[in-house]
Each structure stands twice: as C-alpha cells, then as structure tokens.
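Encoded as structure tokens, the structure appears first; notes follow it.
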Protein chains: 2
Amino acid sequence: MGKEGYLGEFEQVLLLTIMRLDDDAYGVRIMSEVEERIGRRVSRGSVYVTLDRMEEKGWITSETAPAGSGRGGRPRRVVRVTPEGVEALTKSREALLTLWDGLEHALGG
Amino acid sequence: MGKEGYLGEFEQVLLLTIMRLDDDAYGVRIMSEVEERIGRRVSRGSVYVTLDRMEEKGWITSETAPAGSGRGGRPRRVVRVTPEGVEALTKSREALLTLWDGLEHALGG
DNA sequence: GTAGTTGTCCTACAAAGTCGGAATTGGGTC
DNA sequence: GACCCAATTCCGACTTTGTAGGACAACTAC
C-alpha cells in the first residue's frame with residue numbers, strides 16, 4: 001500500500017500483542033496470546049508471514065534466542081517493535097479515536 | 001478471510017465515516033470527509049470498490065437519491081450501515097480497546 | 001445542443017490475510 | 001548414538017482487501 005503505509009488490520013493486532021509480550025514475543029507464543037486475549041483463532045502461517053512482512057517494512061526486528069527452558073524445540077525467533085512500528089501504531093490509534101468520537105453510544109461504548 | 005469476517009482496515013474507516021455522515025453518506029462525500037477528518041487521501045476507486053464489497057457482505061445497504069439540490073450531478077448512491085455492520089464495528093472496537101489496555105502510555109495516550 | 005459539474009462505475013494490479021503440511025532443532029531414553 | 005517426541009519456524013498456494021485513475025452517466029444552465 002502506498003508510501004504512506006497504513007497498518008493492516010492483522011498487523012495491528014500482532015504489533016500490539018508483541019509489545020505486550022515484550023521479551024517473550026515469538027511466533028507460537030504470539031499466536032496463543034492473541035487467541036487468549038481477544039478470543040481470535042489464528043493459524044501459524046498467518047502469524048509468521050505477517051511477521052516476515054512487518055520486519056521487511058521495518059516495524060519489527062528479530063533475533064534468535066537459544067530455545068526455551070523446558071524440553072526441546074528449535075530456537076526461537078524473538079521479535080521486538082521498532083520506533084517506526086510504535087509510531088505507526090500511534091497514528092492508527094489516533095485516527096480511530098477521531099473516527100469513533102461521538103459515535104461511542106452507537107457502538108456500545 | 002474465513003467465515004468470521006473481520007473488518008479490514010479501510011473498511012472500518014469507511015464504515016465509521018458513513019455512520020457519522022448519516023443521510024449524507026455517498027461516494028465522493030465519504031471520500032472528502034475521510035480526508036478532512038483524519039487527513040488521509042483516498043482515491044475514488046478505493047471508496048467505490050470497498051462500498052460494493054461491503055454491500056455484498058451485508059454491512060451496508062444503499063439506495064439511489066435523486067441528485068443533490070443545487071447544481072447538476074448524477075443521482076447519488078446513498079449508503080447506510082446495517083445492524084450487522086454496526087456489530088462488526090463494535091467487536092472490532094472492543095478488541096482494539098482490549099489490546100491497547102495498559103499500553104496507552106507507550107502509544108502517546 | 002454544448003458546456004460545465006457532480007458523481008458513479010470499471011478494469012487492473014499490489015498488498016495483506018489465511019491455511020496446514022513439511023522441515024528443523026534440541027531433549028530424553030536405553 | 002539411534003530413535004522418538006515436543007516445540008517452533010518455514011514454505012507454497014490461494015483468497016480477500018486496498019489502490020488508482022480513466023471512462024462514462026445524469027443533471028443544470030445557457
């Protein structure tokens with residue numbers, strides 16, 4: 001999407017979830033956190049490709065962490081939201097807040 | 001997108017703008033209202049195509065209104081958000097509010 | 001009728017979202 | 001150290017959304 005680069009619907013969900021998880025933000029964990037927090041079922045694939053795309057766009061960075069404590073598992077790719085990502089999130093939030101203004105009643109708010 | 005049917009980013013912007021414009025919600029008017037309200041430039045095409053798709057999905061309905069008062073112009077297609085549309089909007093808002101909860105500070109809120 | 005205005009529609013393409021199987025990595029067990 | 005198992009990421013194929021602007025239609029006023 002044009003140079004502007006608005007946050008996609010799902011991208012926003014992931015970005016917000018990543019911020020919340022902080023040091024613990026990696027693929028499958030993000031996936032289950034989304035499900036638990038807003039009751040939305042997402043597939044592994046959608047999470048990973050979206051992560052890839054957001055990294056390309058510079059909204060997140062990632063680094064490999066040496067696998068979790070418990071049993072096996074391949075190394076985790078832990079991600080983190082960049083300042084650009086936070087900015088996109090902030091703008092998106094402001095726009096939404098502006099659009100909702102005055103309509104809260106109709107939207108059950 | 002599966003049966004669930006989450007609101008796309010742009011769909012949400014349009015739906016909210018349509019609610020605000022009420023009886024005055026038709027293509028070009030919606031376009032300029034979005035631009036004025038959140039400073040986002042959108043093309044005619046994206047508005048109309050998105051309107052078509054949302055009507056197919058039952059989030060809005062439309063009816064033809066016999067052209068505006070003053071000068072010329074072809075008849076307007078005035079749209080209105082359906083209860084299903086309002087519901088989708090409400091759910092989306094709730095999810096976002098939940099995801100933002102506790103992160104407001106980081107998001108300039 | 002010819003021109004100017006307002007508004008919608010169409011076509012084509014780019015970007016985002018979705019899914020589940022396949023492959024990879026490391027721990028445990030004997 | 002050969003196997004099996006759990007945890008995670010990666011891959012490929014496809015559907016839905018988002019974007020853009022030219023073409024076209026309807027109405028007013030001369």
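To be explicit about the labels: the chains of the structure tokens are called A, B, and onward in the order shown, and within each one the residues are counted from 1, while ligands get numbers from 1 in the order they are shown.
Using only C-alpha atoms (C1' of nucleotides), one finds that the residues of chain B close to chain C, at 6 Å or less, are Gly72, Gly73 and Arg74 of chain B.
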Per-residue DSSP, chain B, filtered to alpha helix (DSSP H), as a PyMOL selection string
chain B and resi 9-21+27-38+44-56+83-100
For chain B against chain D, with a cut-off of 7 Å and counting only C-alpha atoms (C1' of nucleotides), what is the closest atom pair and its distance in Å to one decimal for every residue that makes the cut, ordered by chain and number, as JSON lines?
```
{"residue": "B:Met1", "atom": "CA", "partner": "D:DT16", "partner_atom": "C1'", "distance": 6.1}
{"residue": "B:Gly8", "atom": "CA", "partner": "D:DT17", "partner_atom": "C1'", "distance": 6.8}
{"residue": "B:Ser43", "atom": "CA", "partner": "D:DA20", "partner_atom": "C1'", "distance": 6.5}
{"residue": "B:Gly45", "atom": "CA", "partner": "D:DA20", "partner_atom": "C1'", "distance": 6.6}
{"residue": "B:Ser46", "atom": "CA", "partner": "D:DT19", "partner_atom": "C1'", "distance": 5.9}
{"residue": "B:Arg71", "atom": "CA", "partner": "D:DT28", "partner_atom": "C1'", "distance": 5.8}
{"residue": "B:Gly72", "atom": "CA", "partner": "D:DC27", "partner_atom": "C1'", "distance": 4.4}
{"residue": "B:Gly73", "atom": "CA", "partner": "D:DC27", "partner_atom": "C1'", "distance": 5.2}
{"residue": "B:Arg74", "atom": "CA", "partner": "D:DA26", "partner_atom": "C1'", "distance": 4.1}
{"residue": "B:Pro75", "atom": "CA", "partner": "D:DA26", "partner_atom": "C1'", "distance": 6.8}
```
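Here atom CA of B:Arg80 stands at a distance of 10.4 Å from atom CA of B:Thr17.
For the atom pair formed by atom CA of B:Gly39 and atom CA of A:Leu97, the distance is 13.6 Å, given to one decimal.
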Polymer residues at most 9 Å from stretch 22-27 of chain B, only C-alpha atoms (C1' of nucleotides), same-chain spacing of 2 or more positions, as an MDAnalysis selection string
(chainID B and resid 17:20 29:32 44 47:48 51 62 76:81) or (chainID C and resid 7:8)
Include N, CA and C atoms (P, O5', C5', C4', C3', O3' and C1' of nucleotides) and write out the residues we just selected as a PDB file, in the first residue's frame.
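Output saved as selection.pdb:
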```pdb
ATOM      1  N   THR B  17     -17.077   6.442   8.952  1.00  0.00           N
ATOM      2  CA  THR B  17     -17.374   7.717   8.299  1.00  0.00           C
ATOM      3  C   THR B  17     -18.822   7.756   7.812  1.00  0.00           C
ATOM      4  N   ILE B  18     -19.296   6.634   7.340  1.00  0.00           N
ATOM      5  CA  ILE B  18     -20.679   6.543   6.874  1.00  0.00           C
ATOM      6  C   ILE B  18     -21.653   6.789   8.027  1.00  0.00           C
ATOM      7  N   MET B  19     -21.353   6.205   9.164  1.00  0.00           N
ATOM      8  CA  MET B  19     -22.225   6.414  10.320  1.00  0.00           C
ATOM      9  C   MET B  19     -22.278   7.892  10.677  1.00  0.00           C
ATOM     10  N   ARG B  20     -21.148   8.517  10.638  1.00  0.00           N
ATOM     11  CA  ARG B  20     -21.088   9.925  11.004  1.00  0.00           C
ATOM     12  C   ARG B  20     -21.864  10.802  10.025  1.00  0.00           C
ATOM     13  N   ARG B  29     -18.689  12.182  -1.193  1.00  0.00           N
ATOM     14  CA  ARG B  29     -18.798  12.898   0.072  1.00  0.00           C
ATOM     15  C   ARG B  29     -18.012  12.143   1.150  1.00  0.00           C
ATOM     16  N   ILE B  30     -18.134  10.835   1.148  1.00  0.00           N
ATOM     17  CA  ILE B  30     -17.417   9.993   2.096  1.00  0.00           C
ATOM     18  C   ILE B  30     -15.917  10.207   1.905  1.00  0.00           C
ATOM     19  N   MET B  31     -15.527  10.214   0.647  1.00  0.00           N
ATOM     20  CA  MET B  31     -14.115  10.407   0.320  1.00  0.00           C
ATOM     21  C   MET B  31     -13.566  11.696   0.910  1.00  0.00           C
ATOM     22  N   SER B  32     -14.267  12.781   0.718  1.00  0.00           N
ATOM     23  CA  SER B  32     -13.733  14.044   1.223  1.00  0.00           C
ATOM     24  C   SER B  32     -13.830  14.136   2.747  1.00  0.00           C
ATOM     25  N   ARG B  44     -11.040   7.758  -5.488  1.00  0.00           N
ATOM     26  CA  ARG B  44     -12.445   7.438  -5.697  1.00  0.00           C
ATOM     27  C   ARG B  44     -12.608   5.936  -5.795  1.00  0.00           C
ATOM     28  N   VAL B  47     -12.791   3.862  -2.702  1.00  0.00           N
ATOM     29  CA  VAL B  47     -14.032   4.051  -1.949  1.00  0.00           C
ATOM     30  C   VAL B  47     -15.155   3.220  -2.570  1.00  0.00           C
ATOM     31  N   TYR B  48     -15.356   3.385  -3.868  1.00  0.00           N
ATOM     32  CA  TYR B  48     -16.464   2.672  -4.500  1.00  0.00           C
ATOM     33  C   TYR B  48     -16.332   1.157  -4.470  1.00  0.00           C
ATOM     34  N   LEU B  51     -17.071   0.001  -1.059  1.00  0.00           N
ATOM     35  CA  LEU B  51     -18.503   0.128  -0.790  1.00  0.00           C
ATOM     36  C   LEU B  51     -19.230  -1.082  -1.396  1.00  0.00           C
ATOM     37  N   SER B  62     -27.784   0.297   0.223  1.00  0.00           N
ATOM     38  CA  SER B  62     -27.725   1.565  -0.477  1.00  0.00           C
ATOM     39  C   SER B  62     -29.007   1.811  -1.247  1.00  0.00           C
ATOM     40  N   ARG B  76     -27.250  10.257  -6.592  1.00  0.00           N
ATOM     41  CA  ARG B  76     -26.352   9.744  -5.573  1.00  0.00           C
ATOM     42  C   ARG B  76     -26.761   8.366  -5.089  1.00  0.00           C
ATOM     43  N   ARG B  77     -25.722   7.623  -4.730  1.00  0.00           N
ATOM     44  CA  ARG B  77     -25.995   6.307  -4.155  1.00  0.00           C
ATOM     45  C   ARG B  77     -25.712   6.500  -2.671  1.00  0.00           C
ATOM     46  N   VAL B  78     -26.748   6.661  -1.935  1.00  0.00           N
ATOM     47  CA  VAL B  78     -26.596   6.912  -0.506  1.00  0.00           C
ATOM     48  C   VAL B  78     -26.559   5.583   0.252  1.00  0.00           C
ATOM     49  N   VAL B  79     -25.579   5.440   1.098  1.00  0.00           N
ATOM     50  CA  VAL B  79     -25.443   4.185   1.830  1.00  0.00           C
ATOM     51  C   VAL B  79     -25.725   4.355   3.321  1.00  0.00           C
ATOM     52  N   ARG B  80     -25.946   3.230   3.955  1.00  0.00           N
ATOM     53  CA  ARG B  80     -26.287   3.226   5.375  1.00  0.00           C
ATOM     54  C   ARG B  80     -25.731   1.950   5.993  1.00  0.00           C
ATOM     55  N   VAL B  81     -25.223   2.056   7.195  1.00  0.00           N
ATOM     56  CA  VAL B  81     -24.661   0.881   7.865  1.00  0.00           C
ATOM     57  C   VAL B  81     -25.783   0.026   8.443  1.00  0.00           C
TER      58      VAL B  81
ATOM     59  P    DG C   7     -21.960  15.708  -5.550  1.00  0.00           P
ATOM     60  O5'  DG C   7     -21.822  14.217  -6.087  1.00  0.00           O
ATOM     61  C5'  DG C   7     -22.755  13.809  -7.012  1.00  0.00           C
ATOM     62  C4'  DG C   7     -22.477  12.482  -7.663  1.00  0.00           C
ATOM     63  C3'  DG C   7     -21.639  11.476  -6.875  1.00  0.00           C
ATOM     64  O3'  DG C   7     -22.438  10.334  -6.619  1.00  0.00           O
ATOM     65  C1'  DG C   7     -20.933  11.607  -9.158  1.00  0.00           C
ATOM     66  P    DT C   8     -21.874   9.085  -5.813  1.00  0.00           P
ATOM     67  O5'  DT C   8     -21.770   8.015  -6.999  1.00  0.00           O
ATOM     68  C5'  DT C   8     -22.908   7.831  -7.829  1.00  0.00           C
ATOM     69  C4'  DT C   8     -22.596   6.872  -8.959  1.00  0.00           C
ATOM     70  C3'  DT C   8     -22.007   5.526  -8.530  1.00  0.00           C
ATOM     71  O3'  DT C   8     -22.662   4.511  -9.285  1.00  0.00           O
ATOM     72  C1'  DT C   8     -20.580   6.537 -10.109  1.00  0.00           C
TER      73       DT C   8
END
```
Could you pull out all residues of chain A with a DSSP call of strand (DSSP E) and give them as a list in words?
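Answer for chain A restricted to strand (DSSP E) is Ile60, Thr61, Ser62, Glu63, Thr64, Ala65, Arg76, Arg77, Val78, Val79, Arg80 and Val81 of chain A.
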Kindly export the residues of the current selection with C-alpha atoms, as a PDB file, in the first residue's frame.
```
ATOM      1  CA  ILE A  60       9.820  -5.014  13.997  1.00  0.00           C
ATOM      2  CA  THR A  61      13.289  -6.535  14.320  1.00  0.00           C
ATOM      3  CA  SER A  62      14.095 -10.062  15.338  1.00  0.00           C
ATOM      4  CA  GLU A  63      16.878 -12.077  16.847  1.00  0.00           C
ATOM      5  CA  THR A  64      17.330 -15.734  17.569  1.00  0.00           C
ATOM      6  CA  ALA A  65      17.095 -16.861  21.158  1.00  0.00           C
ATOM      7  CA  ARG A  76      13.004 -19.063  18.944  1.00  0.00           C
ATOM      8  CA  ARG A  77      12.820 -16.024  16.787  1.00  0.00           C
ATOM      9  CA  VAL A  78      12.069 -13.297  19.270  1.00  0.00           C
ATOM     10  CA  VAL A  79      10.725 -10.068  17.830  1.00  0.00           C
ATOM     11  CA  ARG A  80      10.509  -6.523  19.062  1.00  0.00           C
ATOM     12  CA  VAL A  81       8.607  -3.477  17.825  1.00  0.00           C
TER      13      VAL A  81
END
```
Contact residues (chain A, partner chain B, 10 Å, only C-alpha atoms) as JSON, numbers by chain
{"A": [4, 6, 7, 8, 9, 10, 11, 12, 13, 14, 15, 16, 17, 19, 20, 34, 37, 38, 39, 40, 41, 86, 87, 88, 89, 90, 91, 92, 93, 94, 95, 96, 97, 98, 99, 100, 101, 102, 103, 104, 106, 107, 108, 109]}
Could you take the residues named above and write them with N, CA and C atoms, as a compact mmCIF listing (two decimals), in the first residue's frame?
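again_13.txt written:
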```txt
# COMPACT_ATOMS: atom_id res chain seq x y z
N GLU A 4 2.70 5.81 2.16
CA GLU A 4 2.18 6.11 3.49
C GLU A 4 2.32 4.91 4.41
N TYR A 6 -0.24 2.32 5.73
CA TYR A 6 -1.12 2.17 6.87
C TYR A 6 -1.03 0.76 7.38
N LEU A 7 -1.22 0.62 8.64
CA LEU A 7 -1.19 -0.68 9.30
C LEU A 7 -2.40 -1.51 8.89
N GLY A 8 -2.16 -2.74 8.50
CA GLY A 8 -3.27 -3.62 8.16
C GLY A 8 -3.95 -4.03 9.45
N GLU A 9 -5.12 -4.57 9.31
CA GLU A 9 -5.91 -4.97 10.47
C GLU A 9 -5.15 -5.98 11.34
N PHE A 10 -4.67 -7.02 10.72
CA PHE A 10 -3.99 -8.07 11.46
C PHE A 10 -2.61 -7.63 11.94
N GLU A 11 -1.98 -6.83 11.16
CA GLU A 11 -0.66 -6.33 11.53
C GLU A 11 -0.77 -5.58 12.86
N GLN A 12 -1.82 -4.80 12.96
CA GLN A 12 -2.02 -4.04 14.18
C GLN A 12 -2.21 -4.96 15.39
N VAL A 13 -2.98 -6.01 15.21
CA VAL A 13 -3.21 -6.96 16.30
C VAL A 13 -1.88 -7.57 16.75
N LEU A 14 -1.08 -7.98 15.78
CA LEU A 14 0.19 -8.60 16.14
C LEU A 14 1.14 -7.62 16.81
N LEU A 15 1.25 -6.45 16.25
CA LEU A 15 2.15 -5.45 16.80
C LEU A 15 1.82 -5.16 18.27
N LEU A 16 0.55 -5.00 18.52
CA LEU A 16 0.12 -4.71 19.89
C LEU A 16 0.42 -5.88 20.83
N THR A 17 0.22 -7.07 20.32
CA THR A 17 0.47 -8.25 21.13
C THR A 17 1.96 -8.41 21.42
N MET A 19 4.13 -6.00 21.66
CA MET A 19 4.52 -5.01 22.67
C MET A 19 4.19 -5.54 24.05
N ARG A 20 3.04 -6.12 24.16
CA ARG A 20 2.61 -6.63 25.45
C ARG A 20 3.49 -7.77 25.95
N VAL A 34 -2.80 -14.01 21.32
CA VAL A 34 -3.89 -13.35 20.60
C VAL A 34 -5.19 -14.10 20.87
N ARG A 37 -6.26 -13.50 24.55
CA ARG A 37 -6.64 -12.13 24.87
C ARG A 37 -7.92 -11.64 24.18
N ILE A 38 -8.03 -11.87 22.89
CA ILE A 38 -9.25 -11.38 22.23
C ILE A 38 -10.08 -12.51 21.62
N GLY A 39 -9.77 -13.74 22.03
CA GLY A 39 -10.57 -14.87 21.56
C GLY A 39 -10.60 -15.04 20.07
N ARG A 40 -9.50 -14.75 19.44
CA ARG A 40 -9.46 -14.90 17.99
C ARG A 40 -8.49 -15.99 17.60
N ARG A 41 -8.99 -16.95 16.86
CA ARG A 41 -8.19 -18.08 16.46
C ARG A 41 -7.38 -17.71 15.22
N VAL A 86 6.06 1.60 16.53
CA VAL A 86 5.29 2.26 17.58
C VAL A 86 4.60 3.49 17.00
N GLU A 87 5.31 4.17 16.13
CA GLU A 87 4.74 5.36 15.53
C GLU A 87 3.52 5.02 14.67
N ALA A 88 3.65 3.98 13.88
CA ALA A 88 2.53 3.57 13.04
C ALA A 88 1.32 3.22 13.92
N LEU A 89 1.61 2.54 14.99
CA LEU A 89 0.56 2.15 15.93
C LEU A 89 -0.11 3.37 16.55
N THR A 90 0.69 4.33 16.89
CA THR A 90 0.16 5.55 17.49
C THR A 90 -0.73 6.32 16.52
N LYS A 91 -0.28 6.44 15.30
CA LYS A 91 -1.08 7.14 14.30
C LYS A 91 -2.40 6.44 14.06
N SER A 92 -2.31 5.14 13.95
CA SER A 92 -3.51 4.36 13.72
C SER A 92 -4.51 4.56 14.86
N ARG A 93 -3.98 4.57 16.05
CA ARG A 93 -4.86 4.73 17.22
C ARG A 93 -5.51 6.10 17.22
N GLU A 94 -4.74 7.11 16.89
CA GLU A 94 -5.29 8.46 16.86
C GLU A 94 -6.41 8.58 15.83
N ALA A 95 -6.19 8.00 14.66
CA ALA A 95 -7.21 8.06 13.61
C ALA A 95 -8.49 7.39 14.09
N LEU A 96 -8.35 6.23 14.66
CA LEU A 96 -9.51 5.50 15.15
C LEU A 96 -10.24 6.28 16.24
N LEU A 97 -9.49 6.84 17.13
CA LEU A 97 -10.10 7.61 18.21
C LEU A 97 -10.90 8.78 17.63
N THR A 98 -10.33 9.39 16.61
CA THR A 98 -11.01 10.52 15.96
C THR A 98 -12.29 10.06 15.26
N LEU A 99 -12.20 8.92 14.62
CA LEU A 99 -13.37 8.43 13.91
C LEU A 99 -14.48 7.96 14.85
N TRP A 100 -14.09 7.45 15.97
CA TRP A 100 -15.08 6.96 16.94
C TRP A 100 -15.75 8.11 17.69
N ASP A 101 -15.02 9.18 17.81
CA ASP A 101 -15.52 10.30 18.59
C ASP A 101 -16.96 10.68 18.30
N GLY A 102 -17.78 10.59 19.29
CA GLY A 102 -19.18 10.95 19.13
C GLY A 102 -20.07 9.78 18.75
N LEU A 103 -19.47 8.66 18.39
CA LEU A 103 -20.27 7.50 17.98
C LEU A 103 -20.26 6.41 19.04
N GLU A 104 -19.54 6.65 20.11
CA GLU A 104 -19.41 5.64 21.16
C GLU A 104 -20.75 5.03 21.57
N ALA A 106 -23.51 4.55 19.91
CA ALA A 106 -24.00 3.59 18.93
C ALA A 106 -23.16 2.32 18.88
N LEU A 107 -21.90 2.44 19.32
CA LEU A 107 -21.01 1.28 19.28
C LEU A 107 -20.91 0.58 20.63
N GLY A 108 -21.88 0.75 21.43
CA GLY A 108 -21.87 0.07 22.72
C GLY A 108 -20.77 0.54 23.64
N GLY A 109 -20.41 1.79 23.52
CA GLY A 109 -19.32 2.27 24.38
C GLY A 109 -19.85 3.23 25.42
```
Just give me the gap between atom CA of B:Glu84 and atom CA of B:Leu21 in Å, one decimal is fine.
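Value for the atom CA of B:Glu84-atom CA of B:Leu21 distance: 18.1 Å.
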